[in-house]
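Contents: one structure, followed by commentary.
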Amino acid sequence: MNSLQDVWRTRFTHYMGEVQKYMRFVFTGHLAIVIMFVLGAGGYQYSEWLKTASSDFPAIWLTAAIIGIILGFSRPVTLIRKPDEVYLLPLETKLPQYFNKALKYTFGSQIIIIILFYMVTWPMLRQVTGLEPNIIIMGLVAAILLKWWNIHSEFSYRWAYKGHRVWMDRIVRMVCSFVLIASILSVHFIPIIIMFLIIVSYPMFWKRKLHETPFPYEHFVQIEENRMMGIYRFANYFTDVPNIHGSIRRRVWLDWAYKLIPYAKQNTQEYLVFRSFVRTDDHFYLWLRLTLMSALAAAFIHIPIAIAIVTAALAFATAIQLKQALTTSTDFRMDMLYPLPQDSRKRATMKIVRYMIIVQAIIVLLSGIGTPYFYVQGLIVLIVGELTLRLSK
């Protein structure tokens with residue numbers, strides 16, 4: 001490598017290749033259908049609400065709060081690795097070249113989220129508060145500049161204090177961002193000036209410490225490892241990711257559920273499968289996440305065809321993924337030492353997944369009470385889930 005810029009370029013190319021390799025399995029199939037219909041139904045209901053929204057609704061405060069919270073989470077992407085603790089030490093004085101590239105990418109990748117959320121609130125600001133477009137554009141420009149400030153501030157804080165109590169830094173930056181955006185949209189000049197001075201002076205408290213503190217490789221390596229592991233775990237819900245194993249938790253608050261399976265020899269596999277489902281994070285959170293998505297869709301989407309498609313897609317996803325995850329486990333189990341029928345594991349998995357589909361249907365049914373044809377939603381979950389279990393391999 002001729003320079004640290006070449007190091008960044010090589011790592012960035014490898015990183016994008018890793019992300020694209022797995023994300024192409026994520027944003028296809030049922031998830032794409034769900035996203036499309038949720039966005040369509042949500043946009044329709046949002047436009048209908050704007051027609052009847054009261055002028056007393058705190059649209060400015062809500063917009064500033066949403067953008068301020070998102071701005072506060074500005075974790076830098078550095079792509080630092082474990083060997084850098086040794087190999088980059090001779091080049092530590094040239095690290096700013098590398099981090100300039102890293103922070104530019106962080107800004108470019110995260111600013112899209114800010115712009116999308118702000119554009120969603122634009123009709124609300126126009127309709128409810130009657131703000132002029134130039135004022136709203138000034139708020140958008142301020143949000144973009146604040147994103148740059150938040151990224152550099154969090155990076156400097158993590159360097160100076162090795163990430164200790166970073167949540168305190170985030171709260172301060174969230175409050176500053178919230179107040180400044182609210183002041184701009186409300187056209188209050190005195191708070192704008194005060195917040196501008198605070199924002200400019202805030203990072204100075206620890207930037208001096210950067211020159212006295214060596215770069216905390218361990219902290220930033222941990223950040224990158226956690227971030228990549230989060231990507232891998234998310235992708236693992238849709239496709240097999242090598243060397244990813246779900247962590248195990250006891251979940252004491254669900255110990256009572258094991259008693260629902262009768263104590264009998266023929267129920268051995270059923271008990272083991274259910275216990276694996278409850279204690280394995282990947283399996284349990286997969287079901288919980290898809291069930292919550294179905295429940296929220298049933299509660300807030302009032303378009304019958306849209307909610308039918310969403311709940312059907314999520315029921316299919318729940319059934320097919322849980323069945324595959326619980327059936328194709330390659331981990332060694334003690335029951336493998338006993339002469340049990342070969343299909344006992346599969347039959348037990350079918351029964352446990354069927355139970356979880358029933359629970360999901362009940363939750364969706366209760367969540368949709370008050371919406372048109374709410375009783376149909378639970379039936380759709382049951383029918384689609386059962387067909388998926390019977391027809392899938």
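Within each chain, counting starts at residue 1; across the structure tokens, chains are named A, B, ... in the order shown, with ligands numbered 1 upward in that order.
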Could you give me, as a JSON list (two decimals) with C-alpha atoms, in the first residue's frame, the residues within 8 Å of A:Ile67, counting only C-alpha atoms and dropping anything in the same chain fewer than 6 positions from it?
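Heads up, here's the output in out.json:
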```json
[["chain", "number", "residue", "atom", "x", "y", "z"],
["A", 114, "ILE", "CA", -32.00, 12.26, 7.81],
["A", 117, "PHE", "CA", -37.29, 11.39, 7.57],
["A", 118, "TYR", "CA", -37.26, 15.16, 7.06],
["A", 143, "ALA", "CA", -30.19, 19.08, 9.84],
["A", 177, "SER", "CA", -29.92, 19.37, 17.65],
["A", 178, "PHE", "CA", -33.54, 19.38, 18.83]]
```
message = List as a list of chain:residue names the protein and nucleic acid residues near stretch 215-222 of chain A, meaning an atom at most 7 Å away when only C-alpha atoms are counted, but skip any in the same chain fewer than 3 places from it.
response = A:Ile80, A:Arg81, A:Lys82, A:Glu85, A:Trp159, A:Lys162, A:Gly163, A:Glu225, A:Asn226
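Each of A:Thr311, A:Ser367, A:Thr268, A:Asn100 was compared to A:Ala295 using only C-alpha atoms, and A:Ser367 turns out to be the nearest.
Those residues that approach stretch 130-136 of chain A to within 10 Å, counting only C-alpha atoms, are Ser55, Ile60, Tyr118, Met119, Thr121, Trp122, Pro123, Met124, Leu125, Arg126, Gln127, Val128, Met138, Gly139, Leu140, Val141, Ala142, Ile181, Ile184, Leu185, Ser186 and Val187 of chain A; same-chain residues fewer than 2 positions away are not listed.
Proximity to A:Asp84 was assessed for A:Ile358, A:Leu197, A:Ile192, A:Leu4 counting only C-alpha atoms; the smallest distance is recorded for A:Leu4.
Excluding A:Ile301 itself and any same-chain residue fewer than 5 positions from it, the protein and nucleic acid residues within 9 Å of it, counting only C-alpha atoms, are Val38, Ala41, Gly42, Gln45, Leu296, Ala306, Ile307, Gly368 and Thr371 of chain A.
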message = DSSP on the backbone: which residues in stretch 75-316 of chain A end up as alpha helix (DSSP H)? Give the answer as JSON, numbers by chain.
response = {"A": [84, 85, 86, 87, 95, 96, 97, 98, 99, 100, 101, 102, 103, 104, 105, 106, 107, 108, 109, 110, 111, 112, 113, 114, 115, 116, 117, 118, 119, 120, 121, 122, 123, 124, 133, 134, 135, 136, 137, 138, 139, 140, 141, 142, 143, 144, 145, 146, 147, 148, 149, 150, 151, 152, 153, 154, 155, 156, 157, 158, 159, 160, 161, 166, 167, 168, 169, 170, 171, 172, 173, 174, 175, 176, 177, 178, 179, 180, 181, 182, 183, 184, 185, 186, 189, 190, 191, 192, 193, 194, 195, 196, 197, 198, 199, 200, 201, 204, 205, 206, 207, 208, 209, 210, 217, 218, 219, 220, 221, 222, 223, 224, 225, 226, 227, 228, 229, 230, 231, 232, 233, 234, 235, 236, 268, 269, 270, 271, 272, 273, 274, 275, 276, 277, 278, 279, 281, 282, 283, 284, 285, 286, 287, 288, 289, 290, 291, 292, 293, 294, 295, 296, 297, 298, 299, 300, 304, 305, 306, 307, 308, 309, 310, 311, 312, 313, 314, 315, 316]}
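Note that atom CA of A:Gly68 and atom CA of A:Val175 are 6.9 Å apart.
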ask   = Contacts of A:Phe99 at 10 Å or less, counting only C-alpha atoms, minus same-chain residues fewer than 4 places along, as an MDAnalysis selection string?
value = chainID A and resid 4:5 8 76:80 94:95 103:105 155
I need the residues from that last selection saved to file as a PDB file, in the first residue's frame (with C-alpha atoms), if you can.
```pdb
ATOM      1  CA  LEU A   4      -3.452   5.174   4.143  1.00  0.00           C
ATOM      2  CA  GLN A   5      -5.872   6.309   1.459  1.00  0.00           C
ATOM      3  CA  TRP A   8      -9.136   2.784   3.116  1.00  0.00           C
ATOM      4  CA  PRO A  76     -18.565   6.551  12.884  1.00  0.00           C
ATOM      5  CA  VAL A  77     -17.642   3.832  10.404  1.00  0.00           C
ATOM      6  CA  THR A  78     -13.854   3.462  10.470  1.00  0.00           C
ATOM      7  CA  LEU A  79     -13.292  -0.149   9.268  1.00  0.00           C
ATOM      8  CA  ILE A  80     -10.450  -0.421  11.796  1.00  0.00           C
ATOM      9  CA  LYS A  94      -0.882  10.183   9.195  1.00  0.00           C
ATOM     10  CA  LEU A  95      -4.102   8.697  10.558  1.00  0.00           C
ATOM     11  CA  LEU A 103     -15.932  10.208   8.217  1.00  0.00           C
ATOM     12  CA  LYS A 104     -16.871  11.318   4.705  1.00  0.00           C
ATOM     13  CA  TYR A 105     -18.294   7.872   4.010  1.00  0.00           C
ATOM     14  CA  PHE A 155     -15.764  10.415  16.717  1.00  0.00           C
TER      15      PHE A 155
END
```
request  = Identify which of the residues A:Ala64, A:Val359, A:Ile69, A:Val353 lies closest to A:Ser183, counting only C-alpha atoms when measuring atom-to-atom distances.
outcome  = A:Ala64
inquiry  = Taking 5 positions as the minimum chain separation for residues in the same chain, which residues sit within 12 Å of A:Gly43 when counting only C-alpha atoms? Answer as number ranges by chain.
reply    = A: 35-38, 48-50, 120-121, 123, 300-303
Write the residues of the selection above to a file with N, CA and C atoms, as a CSV table (one decimal), in the first residue's frame.
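Result file part22.csv:
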```
chain,number,residue,atom,x,y,z
A,35,ILE,N,-42.5,-4.4,2.7
A,35,ILE,CA,-42.1,-3.0,2.7
A,35,ILE,C,-42.9,-2.1,1.7
A,36,MET,N,-43.2,-2.7,0.6
A,36,MET,CA,-44.0,-1.9,-0.4
A,36,MET,C,-45.4,-1.6,0.1
A,37,PHE,N,-46.0,-2.6,0.6
A,37,PHE,CA,-47.4,-2.4,1.1
A,37,PHE,C,-47.5,-1.6,2.3
A,38,VAL,N,-46.5,-1.8,3.2
A,38,VAL,CA,-46.5,-1.0,4.5
A,38,VAL,C,-46.3,0.5,4.1
A,48,GLU,N,-54.3,11.0,4.6
A,48,GLU,CA,-55.7,11.2,5.1
A,48,GLU,C,-55.7,11.9,6.4
A,49,TRP,N,-54.7,11.6,7.3
A,49,TRP,CA,-54.6,12.3,8.6
A,49,TRP,C,-54.3,13.8,8.4
A,50,LEU,N,-53.5,14.1,7.4
A,50,LEU,CA,-53.1,15.5,7.2
A,50,LEU,C,-54.4,16.4,6.8
A,120,VAL,N,-40.4,13.3,4.9
A,120,VAL,CA,-41.7,12.7,5.4
A,120,VAL,C,-42.5,13.8,6.2
A,121,THR,N,-41.7,14.5,7.0
A,121,THR,CA,-42.4,15.5,7.8
A,121,THR,C,-42.7,16.8,7.1
A,123,PRO,N,-44.7,17.6,4.4
A,123,PRO,CA,-46.1,17.8,4.2
A,123,PRO,C,-46.8,18.2,5.5
A,300,PHE,N,-52.6,-0.5,12.7
A,300,PHE,CA,-52.5,0.9,12.2
A,300,PHE,C,-52.9,0.9,10.7
A,301,ILE,N,-52.9,-0.2,10.0
A,301,ILE,CA,-53.3,-0.2,8.6
A,301,ILE,C,-54.7,-0.6,8.4
A,302,HIS,N,-55.5,0.3,7.9
A,302,HIS,CA,-57.0,0.1,7.8
A,302,HIS,C,-57.5,-0.2,6.4
A,303,ILE,N,-56.6,-0.6,5.5
A,303,ILE,CA,-56.9,-1.0,4.2
A,303,ILE,C,-57.0,-2.5,4.1
```
key: Between atom CA of A:Pro203 and atom CA of A:Ser153, distance in Å (one decimal)   = 6.0 Å
request  = Give the answer as one residue: which of A:Gly378, A:Gly370, A:Pro304, A:Gly385 has the shortest atom-to-atom distance to A:Phe316, using only C-alpha atoms?
outcome  = A:Gly385
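Considering the residues A:Thr63, A:Ser344, A:Gln110, A:Ser3 and counting only C-alpha atoms, A:Tyr98 has its shortest atom-to-atom contact with A:Ser3.
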request  = Rank A:Phe196, A:Phe234, A:Ile171, A:Tyr161 by their smallest atom-to-atom distance to A:Lys209, using only C-alpha atoms, and report the top residue only.
outcome  = A:Tyr161
task = Give me the residues within 10 Å of A:Arg208 as a list in words, counting only C-alpha atoms and dropping any in the same chain fewer than 4 places off.
result = Ser156, Ala160, Pro203, Met204, Glu212 and Thr213 of chain A
Restrict the selected residues to N, CA and C atoms and save them as a PDB file, in the first residue's frame.
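What landed in result.pdb:
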```
ATOM      1  N   SER A 156     -14.715  12.314  17.847  1.00  0.00           N
ATOM      2  CA  SER A 156     -13.734  12.957  18.728  1.00  0.00           C
ATOM      3  C   SER A 156     -13.934  12.525  20.179  1.00  0.00           C
ATOM      4  N   ALA A 160     -11.235  10.622  22.516  1.00  0.00           N
ATOM      5  CA  ALA A 160     -10.727  11.258  23.733  1.00  0.00           C
ATOM      6  C   ALA A 160     -11.020  10.434  24.981  1.00  0.00           C
ATOM      7  N   PRO A 203     -17.495  20.782  21.201  1.00  0.00           N
ATOM      8  CA  PRO A 203     -16.398  19.807  20.988  1.00  0.00           C
ATOM      9  C   PRO A 203     -15.047  20.287  21.491  1.00  0.00           C
ATOM     10  N   MET A 204     -14.902  21.584  21.741  1.00  0.00           N
ATOM     11  CA  MET A 204     -13.600  22.104  22.164  1.00  0.00           C
ATOM     12  C   MET A 204     -13.182  21.591  23.535  1.00  0.00           C
ATOM     13  N   GLU A 212      -3.185  14.638  23.067  1.00  0.00           N
ATOM     14  CA  GLU A 212      -2.482  14.031  24.194  1.00  0.00           C
ATOM     15  C   GLU A 212      -2.810  12.544  24.362  1.00  0.00           C
ATOM     16  N   THR A 213      -3.866  12.071  23.668  1.00  0.00           N
ATOM     17  CA  THR A 213      -4.343  10.701  23.850  1.00  0.00           C
ATOM     18  C   THR A 213      -4.052   9.871  22.606  1.00  0.00           C
TER      19      THR A 213
END
```
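As for atom CA of A:Ala308 and atom CA of A:Gln377, they are spaced 6.4 Å apart.
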